Each structure stands twice: as structure tokens, then as C-alpha cells.
file my_file-v7.txt (compact mmCIF, C-alpha atoms)
# COMPACT_ATOMS: atom_id res chain seq x y z
CA MET A 1 -51.96 72.23 34.96
CA GLN A 2 -51.54 68.62 34.15
CA ASN A 3 -52.84 67.48 30.80
CA THR A 4 -55.15 64.51 31.35
CA ASN A 5 -56.16 64.16 27.70
CA VAL A 6 -53.69 61.40 26.89
CA ALA A 7 -55.61 59.95 23.96
CA TYR A 8 -58.42 60.83 21.66
CA ASP A 9 -60.41 63.94 22.43
CA SER A 10 -63.55 64.14 20.28
CA LYS A 11 -64.09 67.80 21.16
CA VAL A 12 -60.76 68.74 19.64
CA GLU A 13 -60.18 66.19 16.92
CA GLY A 14 -63.68 65.34 15.76
CA GLU A 15 -64.25 61.82 14.54
CA ILE A 16 -60.66 61.28 13.53
CA ILE A 17 -57.85 59.35 15.16
CA VAL A 18 -54.33 60.12 14.02
CA THR A 19 -51.83 57.29 14.34
CA GLN A 20 -49.32 55.24 12.39
CA ALA A 21 -50.34 52.48 10.02
CA ASP A 22 -47.97 50.07 11.78
CA ALA A 23 -49.57 50.73 15.14
CA VAL A 24 -53.06 50.01 13.87
CA ILE A 25 -52.16 46.97 11.81
CA ASN A 26 -50.05 45.43 14.55
CA TRP A 27 -52.74 46.20 17.14
CA ILE A 28 -55.24 44.27 15.04
CA ARG A 29 -52.83 41.41 14.39
CA LYS A 30 -51.64 40.90 17.92
CA HIS A 31 -55.15 40.66 19.32
CA SER A 32 -56.36 38.08 16.85
CA VAL A 33 -53.58 35.51 16.66
CA TRP A 34 -54.92 32.28 15.20
CA PRO A 35 -52.64 29.52 16.43
CA MET A 36 -52.10 26.24 14.65
CA PRO A 37 -51.43 23.45 17.15
CA MET A 38 -48.54 21.42 15.79
CA GLY A 39 -48.89 18.84 18.57
CA LEU A 40 -46.17 16.21 18.36
CA ALA A 41 -45.67 14.91 21.90
CA CYS A 42 -46.51 15.53 25.54
CA CYS A 43 -46.24 19.34 25.17
CA ALA A 44 -49.44 19.12 23.15
CA ILE A 45 -51.26 18.02 26.31
CA GLU A 46 -50.14 21.23 28.02
CA LEU A 47 -51.16 23.16 24.92
CA MET A 48 -54.63 21.66 25.23
CA ALA A 49 -54.68 22.62 28.90
CA ALA A 50 -53.78 26.18 27.93
CA GLY A 51 -56.82 26.21 25.68
CA ALA A 52 -59.16 24.71 28.26
CA SER A 53 -61.19 26.56 30.86
CA ARG A 54 -58.70 26.59 33.75
CA PHE A 55 -55.99 28.51 31.92
CA ASP A 56 -58.16 29.86 29.10
CA ILE A 57 -56.03 31.17 26.26
CA SER A 58 -59.08 33.12 24.99
CA ARG A 59 -58.40 35.76 27.64
CA PHE A 60 -55.60 36.89 25.32
CA GLY A 61 -57.57 36.78 22.09
CA MET A 62 -56.00 33.73 20.53
CA GLU A 63 -58.39 30.90 21.28
CA VAL A 64 -59.25 30.24 17.65
CA MET A 65 -57.05 27.19 17.15
CA ARG A 66 -57.18 26.17 13.55
CA PHE A 67 -56.14 22.75 12.36
CA SER A 68 -55.74 23.97 8.81
CA PRO A 69 -52.51 25.89 8.19
CA ARG A 70 -54.29 28.07 5.65
CA GLN A 71 -56.48 29.55 8.37
CA ALA A 72 -53.74 30.05 10.95
CA ASP A 73 -50.90 32.52 11.42
CA CYS A 74 -49.01 31.16 14.44
CA MET A 75 -47.62 27.65 14.48
CA ILE A 76 -47.09 26.31 18.01
CA VAL A 77 -44.60 23.48 17.60
CA SER A 78 -45.29 21.49 20.74
CA GLY A 79 -43.26 18.33 20.98
CA THR A 80 -40.36 16.28 19.68
CA VAL A 81 -39.55 16.87 16.02
CA THR A 82 -38.16 13.78 14.33
CA TYR A 83 -36.31 13.96 11.05
CA LYS A 84 -39.17 12.06 9.45
CA MET A 85 -41.64 14.70 10.69
CA ALA A 86 -39.42 17.66 9.75
CA GLU A 87 -40.57 17.55 6.14
CA VAL A 88 -44.22 17.66 7.21
CA ILE A 89 -43.67 20.61 9.53
CA ARG A 90 -41.83 22.53 6.84
CA ARG A 91 -44.62 21.92 4.32
CA ILE A 92 -47.35 22.94 6.77
CA TYR A 93 -45.37 26.07 7.62
CA GLU A 94 -45.11 26.92 3.94
CA GLN A 95 -48.87 26.53 3.55
CA MET A 96 -49.55 29.18 6.20
CA ALA A 97 -50.36 32.61 4.81
CA GLU A 98 -48.14 35.58 5.64
CA PRO A 99 -47.74 37.14 8.13
CA LYS A 100 -46.90 34.11 10.25
CA TRP A 101 -45.08 33.35 13.46
CA VAL A 102 -43.68 30.24 15.12
CA VAL A 103 -43.51 29.36 18.80
CA ALA A 104 -41.16 26.51 19.74
CA MET A 105 -42.85 25.07 22.81
CA GLY A 106 -40.69 23.04 25.18
CA ALA A 107 -37.16 21.71 25.24
CA CYS A 108 -37.60 19.27 22.34
CA ALA A 109 -38.94 21.76 19.82
CA SER A 110 -36.35 24.35 20.90
CA THR A 111 -33.19 22.21 20.96
CA GLY A 112 -34.04 18.53 20.66
CA GLY A 113 -34.23 18.38 24.44
CA MET A 114 -33.20 15.14 26.05
CA TYR A 115 -33.50 13.31 22.73
CA ARG A 116 -29.87 13.40 21.62
CA SER A 117 -30.44 10.64 19.13
CA TYR A 118 -30.19 9.62 15.50
CA ALA A 119 -33.91 10.24 14.93
CA THR A 120 -34.50 13.68 16.43
CA LEU A 121 -34.07 17.06 14.78
CA GLN A 122 -32.01 19.16 17.19
CA GLY A 123 -34.31 22.17 17.29
CA VAL A 124 -37.12 23.08 14.92
CA ASP A 125 -35.29 26.34 14.13
CA ARG A 126 -33.11 24.32 11.77
CA ILE A 127 -36.01 24.11 9.31
CA ILE A 128 -38.33 27.03 10.11
CA PRO A 129 -37.69 30.48 11.68
CA VAL A 130 -38.77 30.57 15.33
CA ASP A 131 -40.03 33.74 17.04
CA VAL A 132 -40.40 32.62 20.65
CA TYR A 133 -38.81 29.72 22.51
CA VAL A 134 -40.45 28.28 25.64
CA SER A 135 -38.36 26.37 28.16
CA GLY A 136 -39.71 23.44 30.12
CA CYS A 137 -40.23 19.74 29.69
CA PRO A 138 -43.10 20.15 29.19
CA PRO A 139 -43.74 23.86 29.96
CA ARG A 140 -46.73 24.60 32.16
CA PRO A 141 -49.70 26.29 30.46
CA GLU A 142 -48.75 29.57 32.18
CA ALA A 143 -45.38 29.41 30.43
CA LEU A 144 -47.07 29.03 27.08
CA LEU A 145 -49.41 31.92 27.86
CA ASP A 146 -46.39 34.02 28.80
CA ALA A 147 -44.75 33.10 25.50
CA MET A 148 -47.86 34.06 23.60
CA ILE A 149 -47.95 37.42 25.38
CA LYS A 150 -44.29 37.88 24.44
CA LEU A 151 -45.21 37.05 20.87
CA GLN A 152 -47.94 39.70 21.01
CA ASP A 153 -45.33 42.21 22.20
CA LYS A 154 -43.09 41.17 19.35
CA ILE A 155 -45.90 41.54 16.82
CA GLY A 156 -46.62 44.98 18.27
CA ARG A 157 -43.02 46.06 17.74
CA GLU A 158 -42.42 44.83 14.21
CA ARG A 159 -42.88 46.68 10.95
CA SER A 160 -46.21 45.50 9.59
CA VAL A 161 -44.97 45.08 6.03
CA LYS A 162 -41.74 43.35 7.10
CA ASN A 163 -43.04 40.01 5.91
CA LEU A 164 -43.68 41.32 2.43
CA THR A 165 -40.28 42.90 2.06
CA ALA A 166 -37.99 40.52 3.90
CA ARG A 167 -39.17 36.94 3.54
CA ASN A 168 -40.56 36.96 0.04
CA ALA A 169 -38.02 39.21 -1.62
CA LYS A 170 -35.06 36.95 -0.93
CA PRO A 171 -34.64 33.42 -2.26
CA ALA A 172 -35.95 30.86 0.22
CA LYS A 173 -32.61 29.20 0.84
CA ALA A 174 -30.54 32.19 1.95
CA ASP A 175 -33.41 33.58 4.02
CA ASN A 176 -34.04 30.43 5.98
CA LEU A 177 -30.37 29.75 6.59
CA ALA A 178 -29.96 33.24 8.04
CA LEU A 179 -33.01 32.89 10.25
CA ALA A 180 -32.00 29.46 11.47
CA GLY A 181 -28.55 30.74 12.31
CA ALA A 182 -29.92 33.71 14.21
CA GLY A 183 -32.16 31.44 16.22
CA LYS A 184 -29.27 29.24 17.33
CA GLU A 185 -27.20 32.11 18.66
CA SER A 186 -29.88 33.70 20.82
CA MET B 1 -43.07 -25.75 37.90
CA ALA B 2 -41.34 -24.21 34.92
CA GLU B 3 -39.14 -27.28 34.68
CA SER B 4 -41.99 -29.73 34.29
CA GLU B 5 -43.61 -27.38 31.81
CA PHE B 6 -40.50 -27.43 29.70
CA ALA B 7 -40.37 -31.23 29.93
CA GLN B 8 -43.89 -31.37 28.54
CA LEU B 9 -42.92 -29.13 25.64
CA LYS B 10 -39.71 -31.05 25.02
CA GLU B 11 -41.65 -34.31 24.84
CA ARG B 12 -43.63 -33.07 21.87
CA PHE B 13 -41.06 -30.72 20.28
CA ASP B 14 -37.71 -32.50 20.60
CA TYR B 15 -35.79 -29.71 18.83
CA LEU B 16 -36.28 -27.30 21.76
CA SER B 17 -33.72 -26.51 24.41
CA GLU B 18 -34.33 -24.60 27.63
CA ARG B 19 -33.07 -21.05 27.90
CA GLN B 20 -31.92 -19.29 31.03
CA SER B 21 -34.62 -16.92 32.23
CA ALA B 22 -35.18 -14.69 35.23
CA ASP B 23 -38.95 -14.81 34.99
CA HIS B 24 -41.05 -16.85 32.58
CA LEU B 25 -40.37 -20.07 30.74
CA ALA B 26 -37.99 -19.47 27.85
CA VAL B 27 -36.97 -21.85 25.08
CA ASN B 28 -34.54 -21.88 22.18
CA CYS B 29 -36.05 -22.93 18.90
CA PRO B 30 -34.25 -23.51 15.59
CA ALA B 31 -35.27 -20.89 13.02
CA ASN B 32 -36.58 -23.45 10.52
CA LYS B 33 -38.99 -24.94 13.10
CA LEU B 34 -40.29 -21.58 14.36
CA VAL B 35 -43.50 -21.34 12.31
CA GLU B 36 -44.45 -24.93 13.05
CA PHE B 37 -43.75 -24.50 16.78
CA CYS B 38 -45.69 -21.25 17.10
CA GLY B 39 -48.61 -22.69 15.12
CA ALA B 40 -48.80 -25.62 17.55
CA LEU B 41 -48.51 -23.29 20.54
CA ARG B 42 -51.39 -21.22 19.25
CA ASP B 43 -53.70 -24.07 18.21
CA ASP B 44 -52.99 -26.76 20.81
CA LEU B 45 -51.42 -25.14 23.86
CA GLY B 46 -53.44 -21.95 24.27
CA TYR B 47 -50.72 -19.37 23.55
CA ASP B 48 -53.07 -17.21 21.51
CA LEU B 49 -51.49 -13.75 21.85
CA LEU B 50 -48.24 -12.57 20.33
CA VAL B 51 -47.09 -9.84 22.69
CA ASP B 52 -43.73 -8.81 21.32
CA VAL B 53 -41.25 -9.49 18.56
CA THR B 54 -37.75 -8.16 19.00
CA ALA B 55 -34.15 -9.20 18.56
CA VAL B 56 -30.77 -9.16 20.30
CA ASP B 57 -27.51 -8.08 18.70
CA TRP B 58 -24.68 -10.03 20.37
CA ASP B 59 -22.07 -7.81 18.68
CA ALA B 60 -18.87 -9.80 18.07
CA GLN B 61 -20.35 -13.23 18.81
CA SER B 62 -21.65 -15.68 16.26
CA PRO B 63 -24.54 -16.19 15.73
CA ARG B 64 -24.79 -12.43 16.04
CA PHE B 65 -28.57 -11.96 15.96
CA THR B 66 -31.23 -13.73 17.98
CA GLY B 67 -34.91 -13.17 17.30
CA ILE B 68 -37.05 -12.99 20.45
CA TYR B 69 -40.79 -13.69 20.62
CA HIS B 70 -43.05 -13.22 23.63
CA LEU B 71 -46.28 -15.22 23.64
CA PHE B 72 -49.08 -14.98 26.17
CA SER B 73 -51.90 -17.38 26.91
CA THR B 74 -55.14 -15.59 27.69
CA THR B 75 -56.59 -18.82 29.12
CA LYS B 76 -53.64 -20.03 31.21
CA HIS B 77 -52.38 -16.49 31.98
CA GLU B 78 -48.79 -17.48 31.29
CA TYR B 79 -46.02 -16.02 29.21
CA LEU B 80 -43.59 -17.94 27.02
CA ARG B 81 -40.42 -16.53 25.52
CA ILE B 82 -38.98 -18.07 22.35
CA ALA B 83 -35.51 -17.31 21.04
CA ALA B 84 -34.33 -18.22 17.55
CA ASP B 85 -30.78 -17.62 16.32
CA CYS B 86 -30.19 -16.20 12.84
CA GLU B 87 -27.77 -18.34 10.87
CA ASP B 88 -26.30 -15.59 8.74
CA ASP B 89 -24.47 -12.80 10.60
CA ILE B 90 -24.21 -10.52 7.55
CA LYS B 91 -27.75 -10.74 6.21
CA PRO B 92 -29.71 -12.20 9.14
CA SER B 93 -33.10 -13.69 8.37
CA LEU B 94 -35.91 -15.52 10.15
CA PRO B 95 -39.19 -17.00 8.92
CA SER B 96 -42.12 -14.59 9.23
CA LEU B 97 -44.85 -15.36 11.76
CA CYS B 98 -47.44 -13.28 9.89
CA GLY B 99 -49.24 -16.45 8.81
CA VAL B 100 -49.67 -17.53 12.43
CA PHE B 101 -50.21 -14.24 14.23
CA ALA B 102 -51.46 -11.20 12.31
CA ALA B 103 -49.88 -9.06 15.04
CA ALA B 104 -46.46 -10.12 13.80
CA ASN B 105 -46.77 -7.88 10.75
CA TRP B 106 -45.87 -4.52 12.29
CA HIS B 107 -43.65 -6.05 14.98
CA GLU B 108 -41.50 -7.66 12.32
CA ARG B 109 -41.40 -4.46 10.32
CA GLU B 110 -40.11 -2.67 13.40
CA THR B 111 -37.47 -5.30 14.09
CA TYR B 112 -36.45 -5.19 10.43
CA ASP B 113 -36.24 -1.40 10.58
CA LEU B 114 -34.15 -1.14 13.74
CA MET B 115 -32.14 -4.40 13.75
CA GLY B 116 -32.05 -5.31 10.06
CA ILE B 117 -33.45 -8.82 10.34
CA HIS B 118 -35.20 -9.96 7.19
CA TYR B 119 -38.40 -11.92 7.74
CA ASP B 120 -38.88 -14.41 4.93
CA GLY B 121 -42.48 -14.60 3.77
CA HIS B 122 -43.49 -11.24 5.27
CA PRO B 123 -46.20 -9.69 3.05
CA ASP B 124 -44.93 -6.09 3.31
CA LEU B 125 -41.46 -5.81 4.78
CA ARG B 126 -40.89 -2.04 4.77
CA ARG B 127 -39.42 0.24 7.41
CA ILE B 128 -41.99 1.41 9.91
CA LEU B 129 -40.24 4.06 12.06
CA MET B 130 -37.34 5.44 10.03
CA TRP B 131 -37.98 6.70 6.49
CA ASP B 132 -37.73 4.28 3.58
CA GLU B 133 -34.38 5.48 2.22
CA TYR B 134 -32.60 5.41 5.58
CA PRO B 135 -29.43 3.37 5.05
CA TYR B 136 -28.78 2.01 8.57
CA HIS B 137 -30.41 -0.13 11.23
CA PRO B 138 -30.07 2.08 14.33
CA LEU B 139 -30.43 -0.43 17.16
CA ARG B 140 -27.47 -2.51 16.03
CA LYS B 141 -24.51 -2.45 18.36
CA ASP B 142 -22.18 -0.92 15.76
CA PHE B 143 -24.50 2.09 15.22
CA PRO B 144 -23.68 5.14 17.39
CA LEU B 145 -26.58 6.55 19.42
CA ALA B 146 -25.85 10.05 18.13
CA GLY B 147 -26.41 8.88 14.56
CA ILE B 148 -24.55 9.17 11.27
CA GLU B 149 -24.83 12.05 8.79
CA VAL B 150 -27.23 11.27 5.94
CA PRO B 151 -29.40 13.47 3.71
CA LEU B 152 -32.82 14.63 4.92
CA PRO B 153 -35.66 12.43 3.56
CA ALA B 154 -37.21 15.29 1.55
CA ASP B 155 -34.92 16.67 -1.15
CA ASP B 156 -36.69 20.00 -1.59
CA VAL B 157 -36.75 20.75 2.15
CA ALA B 158 -33.08 19.82 2.38
CA GLU B 159 -32.32 22.15 -0.51
CA ALA B 160 -34.38 25.04 0.89
CA THR B 161 -32.94 24.82 4.40
CA GLY B 162 -29.50 23.28 3.88
CA VAL B 163 -30.28 20.79 6.66
CA THR B 164 -28.95 17.25 6.83
CA VAL B 165 -29.43 14.53 9.42
CA LEU B 166 -26.46 15.26 11.70
CA PRO B 167 -25.07 13.25 14.60
CA ALA B 168 -26.73 14.64 17.72
CA PRO B 169 -24.47 16.42 20.23
CA MET B 170 -24.14 14.01 23.13
CA MET B 171 -22.73 16.56 25.61
CA GLY B 172 -21.65 13.87 28.03
CA GLY B 173 -24.75 11.80 27.36
CA PRO B 174 -26.63 9.53 26.85
CA PHE B 175 -29.31 11.26 28.89
CA VAL B 176 -30.65 8.94 31.54
CA SER B 177 -32.69 9.26 34.69
CA SER B 178 -31.98 7.12 37.71
CA ALA B 179 -34.80 4.80 38.63
CA ASP B 180 -34.87 5.57 42.35
CA GLY B 181 -35.01 8.71 44.45
CA PRO B 182 -37.52 11.56 44.57
CA MET B 183 -38.80 12.82 41.22
CA SER B 184 -37.17 16.22 41.73
CA GLN B 185 -33.75 14.53 41.57
CA THR B 186 -34.40 12.07 38.77
CA GLU B 187 -34.65 14.46 35.85
CA PRO B 188 -32.88 13.00 32.81
CA SER B 189 -29.29 14.22 32.75
CA ALA B 190 -26.04 13.41 31.02
CA ARG B 191 -24.29 10.45 32.58
CA ASP B 192 -20.83 12.03 32.34
CA GLU B 193 -20.89 15.82 32.52
CA SER B 194 -17.11 16.22 32.43
CA TRP B 195 -17.05 16.63 28.64
CA THR B 196 -18.99 18.20 25.78
CA GLU B 197 -18.51 18.40 22.02
CA GLN B 198 -16.60 21.66 22.53
CA GLU B 199 -14.57 20.58 25.57
CA GLU B 200 -12.98 17.16 25.40
CA LYS B 201 -13.02 14.74 28.25
CA PRO B 202 -10.15 15.46 30.65
CA THR B 203 -7.47 12.79 30.54
CA ASP B 204 -5.13 12.31 33.46
call {"tool": "encode", "arguments": {"input": "my_file-v7.txt", "output": "C-alpha cells"}}
result
Amino acid sequence: MQNTNVAYDSKVEGEIIVTQADAVINWIRKHSVWPMPMGLACCAIELMAAGASRFDISRFGMEVMRFSPRQADCMIVSGTVTYKMAEVIRRIYEQMAEPKWVVAMGACASTGGMYRSYATLQGVDRIIPVDVYVSGCPPRPEALLDAMIKLQDKIGRERSVKNLTARNAKPAKADNLALAGAGKES
Amino acid sequence: MAESEFAQLKERFDYLSERQSADHLAVNCPANKLVEFCGALRDDLGYDLLVDVTAVDWDAQSPRFTGIYHLFSTTKHEYLRIAADCEDDIKPSLPSLCGVFAAANWHERETYDLMGIHYDGHPDLRRILMWDEYPYHPLRKDFPLAGIEVPLPADDVAEATGVTVLPAPMMGGPFVSSADGPMSQTEPSARDESWTEQEEKPTD
């Protein structure tokens, strides 16, 4: 006979659910991502569209866009990053509380895009570690939603205390260089 | 029509000379008469709006830099272009128009930032687009589009990340889009895709 009790059975287990700490913590985290819109260029318009009623990012539990980095845990870098702005982005990233994630939205934030020039940082992953890259110039809101779902998957798969052990244990310099290098290769 | 208009200007301002132009009336004005001329244009001839301040780098020629001013008359609905050569090719300078048009302030800062023209009498001549310590003027002809390696503006960020301002990979660029054709075929692309930074341009 096929076992249909795939999850919690109150008759057997009482009022107890047995699971792993990582599963619970990540489940909570991935369904309450608080993005910080780092809108720098035209991608920010698509980011706004993703938050508006037609595409409605709140269907995925991440509609609470916070304009203060201290209240956000996912920076969406949407737009062209100039060298003059790089410092600002780095500082805002450092102000975000752990655990935190970064989405590089669009060609410019990912690689510098069509701006091969003296003023443009060639990919935001040179200064902060990026979790998800979104292609497009600018990406459609669906592409951003897809990236955010991918980020949720990624959050679901990581060790929940990774941020405490990995990022803060090492000196900032070596850590960020390694992360930036890894981002370039993939 | 433009000819008679220039004759009228020339009658009053004898230091002017006519400049070749594809559209609106354009005149050459000596740099030392620029403030006086623009003041008269604003007060007496109705050119009350300063639209643009820019400059041209003629590269190997001398005078190397020419300051360009676009004025518009909101009563006559006409444009006027004024060009003034900079005497010095090494440290080019022009008189500031901030006293005549308040709009000149940021325009002149931009032209100073990107072309390196010093505006004498400007109240606050700082860079406006690039950061203050940036050592070059990027729109000059001798400056490569990809850029030149310099330190990042913020020391602590540079130290934490090991990042410097690097020349951008051109990959056969500059990236341009053709002006005509359907939009699906006018995406910006490298002009010459036969070479990249890794693979040199084939020579035969």
C-alpha cells in the first residue's frame, strides 16, 4: 500500500515537527526577502514595473522594498555603475545587515554592458559579491522575477550560518577578492 | 536671411567674423570680447537663453581648443552659435559667462571637467561629472575612450577590494548603433568584431 503521509501526521507525531535548522531558517529567509532598490539607470524603471500591479513582485513574498540598507537584505543593482558611484554602492552594501544577497540586474551591472568607457565599472562584481546575474538591456520584469526566484532557490540551498562563518571570519580584502574572481569566471 | 542678420551684427560688433554653419547663424568672436558680446546679445538683441556651452578639440591644429556657445531667443525663436578660440593650447582658458547667464555655471564646469578649459572668473570651477582627483580630461582627442588606469576615488574601498580604474575592454568597439533600419537590427554592437583584447586584429 502506498504511503500517502508525506509530511506531518499529527496522529503519529503529536504537535511536533522534526526537521533541520537550515531548512527552517532558509524557508523563513527565502519567503521574506527585503530588497533594496539600487536604481542607477533605465533598469530601475523595469524594477519599478516588477513591483507594480501588472507583474507584482509581492506574489513571491519580496514586495517590501526598503530604501534604507539597514532594513534590507537583498541589493538589486539595477543600472550602470560608474567609478564615481562604486564607492557609494560599496558603502551601502556594507551597511546592510547579514545575511545579505546581491542581484546584478541587466548588462551594465553584470559586465559594464555597452559602456566600454573610462567612466564605467566593468561589472559590479568587482566591488561586491554577486549572487544572481540577470541578462538583458534592460531585462523585462519577468526576467527579474525569474532571477529573484533563482535567488530564493539559492537561499534555500545554502547553509544558514554560512554568512557568520565565511564572510566575517576572513579579512575583508581576501574575501572580496575571492568572491569577485569567482563571479567573473561563471 | 542669415547673411543680412550677420551684417546687422557686424555693423555693431566689428570684431565678429562669420562662421560656416549648416543650420543657424554662427559667428566667431575673440575670447576677450565674449562677455561684452553676450551681454549685448542678452540685453539688446533678445538672446535671453543660454542653451549649451561646449568646446571642440582640433587635435594637432593651433589654436587647439574652441569654446562653443549656443544662444536662443525666446522672443525671436532663433538660435545663434558663438565660437571663441582659446589662445593657449597647453592651458586653454576663456572668460566665464556666469555673470551674464547663470546657466553657464554648470555648463562651464562640465566643459572644464571633460575638455580642460579654464573659465576665468567662474565662481566655483570644480569637476562636475568625474571625481575631483581625476587627473585627465576625458573628451580630449589624446585621451583613449577605454580610459587610463588610475586609483579608485575612495582609498578604503580600493584597499578592501583591490580595484582600480582600469581601461575598459573594447572588444572591437566602440559600441555603436546604426541610425537607420528596424530596431531589432540596430542594437549597439562593436564596430569591428574581428578582434578582441585576447585575439589581436588579423593582419594580412
call {"tool": "interface_residues", "arguments": {"input": "my_file-v7.txt", "of": "chain B", "to": "chain A", "cutoff": "10 Å", "atoms": "only C-alpha atoms", "output": "PyMOL selection string"}}
result
chain B and resi 129-132+138+143-149+152-171+173-176+187-190
call {"tool": "write_last_selection", "arguments": {"input": "my_file-v7.txt", "atoms": "C-alpha atoms", "output": "compact mmCIF listing (two decimals), in the frame of the given file"}}
result
# COMPACT_ATOMS: atom_id res chain seq x y z
CA LEU B 129 -40.24 4.06 12.06
CA MET B 130 -37.34 5.44 10.03
CA TRP B 131 -37.98 6.70 6.49
CA ASP B 132 -37.73 4.28 3.58
CA PRO B 138 -30.07 2.08 14.33
CA PHE B 143 -24.50 2.09 15.22
CA PRO B 144 -23.68 5.14 17.39
CA LEU B 145 -26.58 6.55 19.42
CA ALA B 146 -25.85 10.05 18.13
CA GLY B 147 -26.41 8.88 14.56
CA ILE B 148 -24.55 9.17 11.27
CA GLU B 149 -24.83 12.05 8.79
CA LEU B 152 -32.82 14.63 4.92
CA PRO B 153 -35.66 12.43 3.56
CA ALA B 154 -37.21 15.29 1.55
CA ASP B 155 -34.92 16.67 -1.15
CA ASP B 156 -36.69 20.00 -1.59
CA VAL B 157 -36.75 20.75 2.15
CA ALA B 158 -33.08 19.82 2.38
CA GLU B 159 -32.32 22.15 -0.51
CA ALA B 160 -34.38 25.04 0.89
CA THR B 161 -32.94 24.82 4.40
CA GLY B 162 -29.50 23.28 3.88
CA VAL B 163 -30.28 20.79 6.66
CA THR B 164 -28.95 17.25 6.83
CA VAL B 165 -29.43 14.53 9.42
CA LEU B 166 -26.46 15.26 11.70
CA PRO B 167 -25.07 13.25 14.60
CA ALA B 168 -26.73 14.64 17.72
CA PRO B 169 -24.47 16.42 20.23
CA MET B 170 -24.14 14.01 23.13
CA MET B 171 -22.73 16.56 25.61
CA GLY B 173 -24.75 11.80 27.36
CA PRO B 174 -26.63 9.53 26.85
CA PHE B 175 -29.31 11.26 28.89
CA VAL B 176 -30.65 8.94 31.54
CA GLU B 187 -34.65 14.46 35.85
CA PRO B 188 -32.88 13.00 32.81
CA SER B 189 -29.29 14.22 32.75
CA ALA B 190 -26.04 13.41 31.02
call {"tool": "closest_residue", "arguments": {"input": "my_file-v7.txt", "among": "B:Tyr134, B:Ser17, B:Gly172, B:Val51", "to": "Pro202 of chain B", "atoms": "all atoms listed in the file"}}
result
B:Gly172
call {"tool": "closest_residue", "arguments": {"input": "my_file-v7.txt", "among": "B:Leu9, B:Arg140, B:Asn105, B:Asp124", "to": "Ala40 of chain B", "atoms": "only C-alpha atoms"}}
result
B:Leu9
call {"tool": "atom_distance", "arguments": {"input": "my_file-v7.txt", "atom1": "atom CA of Pro141 of chain A", "atom2": "atom CA of Phe55 of chain A"}}
result
6.8 Å
call {"tool": "residues_around", "arguments": {"input": "my_file-v7.txt", "residues": "segment 111-120 of chain B", "least_positions_apart": "2", "cutoff": "9 Å", "atoms": "only C-alpha atoms", "output": "number ranges by chain"}}
result
B: 53-57, 65, 67, 86, 91-97, 106-109, 122-123, 125-130, 136-140
call {"tool": "atom_distance", "arguments": {"input": "my_file-v7.txt", "atom1": "atom CA of Trp27 of chain A", "atom2": "atom CA of Ala72 of chain A"}}
result
17.3 Å
call {"tool": "atom_distance", "arguments": {"input": "my_file-v7.txt", "atom1": "atom CA of Arg42 of chain B", "atom2": "atom CA of Phe13 of chain B"}}
result
14.1 Å
call {"tool": "residues_around", "arguments": {"input": "my_file-v7.txt", "residues": "segment 65-70 of chain A", "least_positions_apart": "6", "cutoff": "12 Å", "atoms": "only C-alpha atoms", "output": "compact mmCIF listing (two decimals) with C-alpha atoms, in the coordinates of the input"}}
result
# COMPACT_ATOMS: atom_id res chain seq x y z
CA SER A 32 -56.36 38.08 16.85
CA VAL A 33 -53.58 35.51 16.66
CA TRP A 34 -54.92 32.28 15.20
CA PRO A 35 -52.64 29.52 16.43
CA MET A 36 -52.10 26.24 14.65
CA PRO A 37 -51.43 23.45 17.15
CA MET A 38 -48.54 21.42 15.79
CA GLY A 39 -48.89 18.84 18.57
CA LEU A 47 -51.16 23.16 24.92
CA MET A 48 -54.63 21.66 25.23
CA ALA A 50 -53.78 26.18 27.93
CA GLY A 51 -56.82 26.21 25.68
CA ALA A 52 -59.16 24.71 28.26
CA ILE A 57 -56.03 31.17 26.26
CA SER A 58 -59.08 33.12 24.99
CA ILE A 76 -47.09 26.31 18.01
CA VAL A 88 -44.22 17.66 7.21
CA ILE A 89 -43.67 20.61 9.53
CA ARG A 90 -41.83 22.53 6.84
CA ARG A 91 -44.62 21.92 4.32
CA ILE A 92 -47.35 22.94 6.77
CA TYR A 93 -45.37 26.07 7.62
CA GLU A 94 -45.11 26.92 3.94
CA GLN A 95 -48.87 26.53 3.55
CA MET A 96 -49.55 29.18 6.20
CA ALA A 97 -50.36 32.61 4.81
CA GLU A 98 -48.14 35.58 5.64
CA PRO A 99 -47.74 37.14 8.13
CA LYS A 100 -46.90 34.11 10.25
CA TRP A 101 -45.08 33.35 13.46
call {"tool": "closest_residue", "arguments": {"input": "my_file-v7.txt", "among": "B:Lys201, B:Tyr15, B:Asp59, B:Ser194", "to": "Phe37 of chain B", "atoms": "only C-alpha atoms"}}
result
B:Tyr15
call {"tool": "residues_around", "arguments": {"input": "my_file-v7.txt", "residues": "segment 47-50 of chain B", "least_positions_apart": "3", "cutoff": "6 Å", "atoms": "all atoms listed in the file", "output": "PDB file with C-alpha atoms, keeping the file's coordinate frame"}}
result
ATOM      1  CA  LEU B  41     -48.510 -23.290  20.540  1.00  0.00           C
ATOM      2  CA  ARG B  42     -51.390 -21.220  19.250  1.00  0.00           C
ATOM      3  CA  LEU B  71     -46.280 -15.220  23.640  1.00  0.00           C
ATOM      4  CA  PHE B  72     -49.080 -14.980  26.170  1.00  0.00           C
ATOM      5  CA  SER B  73     -51.900 -17.380  26.910  1.00  0.00           C
TER       6      SER B  73
END
call {"tool": "closest_residue", "arguments": {"input": "my_file-v7.txt", "among": "A:Gly61, A:Gly14, A:Gly123, A:Gly106", "to": "Pro138 of chain A", "atoms": "only C-alpha atoms"}}
result
A:Gly106
call {"tool": "residues_near_point", "arguments": {"input": "my_file-v7.txt", "point": "(-45.3, -24.8, 29.7)", "cutoff": "7 Å", "atoms": "all atoms listed in the file", "output": "count of residues only"}}
result
6
call {"tool": "closest_residue", "arguments": {"input": "my_file-v7.txt", "among": "B:Ser184, B:Thr75, B:Pro151, B:Glu199", "to": "Pro135 of chain B", "atoms": "only C-alpha atoms"}}
result
B:Pro151
call {"tool": "residues_around", "arguments": {"input": "my_file-v7.txt", "residues": "Ala84 of chain B", "least_positions_apart": "5", "cutoff": "6 Å", "atoms": "all atoms listed in the file", "output": "mmCIF file with C-alpha atoms, in the coordinates of the input"}}
result
data_model
loop_
_atom_site.group_PDB
_atom_site.id
_atom_site.type_symbol
_atom_site.label_atom_id
_atom_site.label_comp_id
_atom_site.auth_asym_id
_atom_site.auth_seq_id
_atom_site.Cartn_x
_atom_site.Cartn_y
_atom_site.Cartn_z
ATOM 1 C CA ASN B 28 -34.540 -21.880 22.180
ATOM 2 C CA CYS B 29 -36.050 -22.930 18.900
ATOM 3 C CA PRO B 30 -34.250 -23.510 15.590
ATOM 4 C CA ALA B 31 -35.270 -20.890 13.020
ATOM 5 C CA THR B 66 -31.230 -13.730 17.980
ATOM 6 C CA GLY B 67 -34.910 -13.170 17.300
#
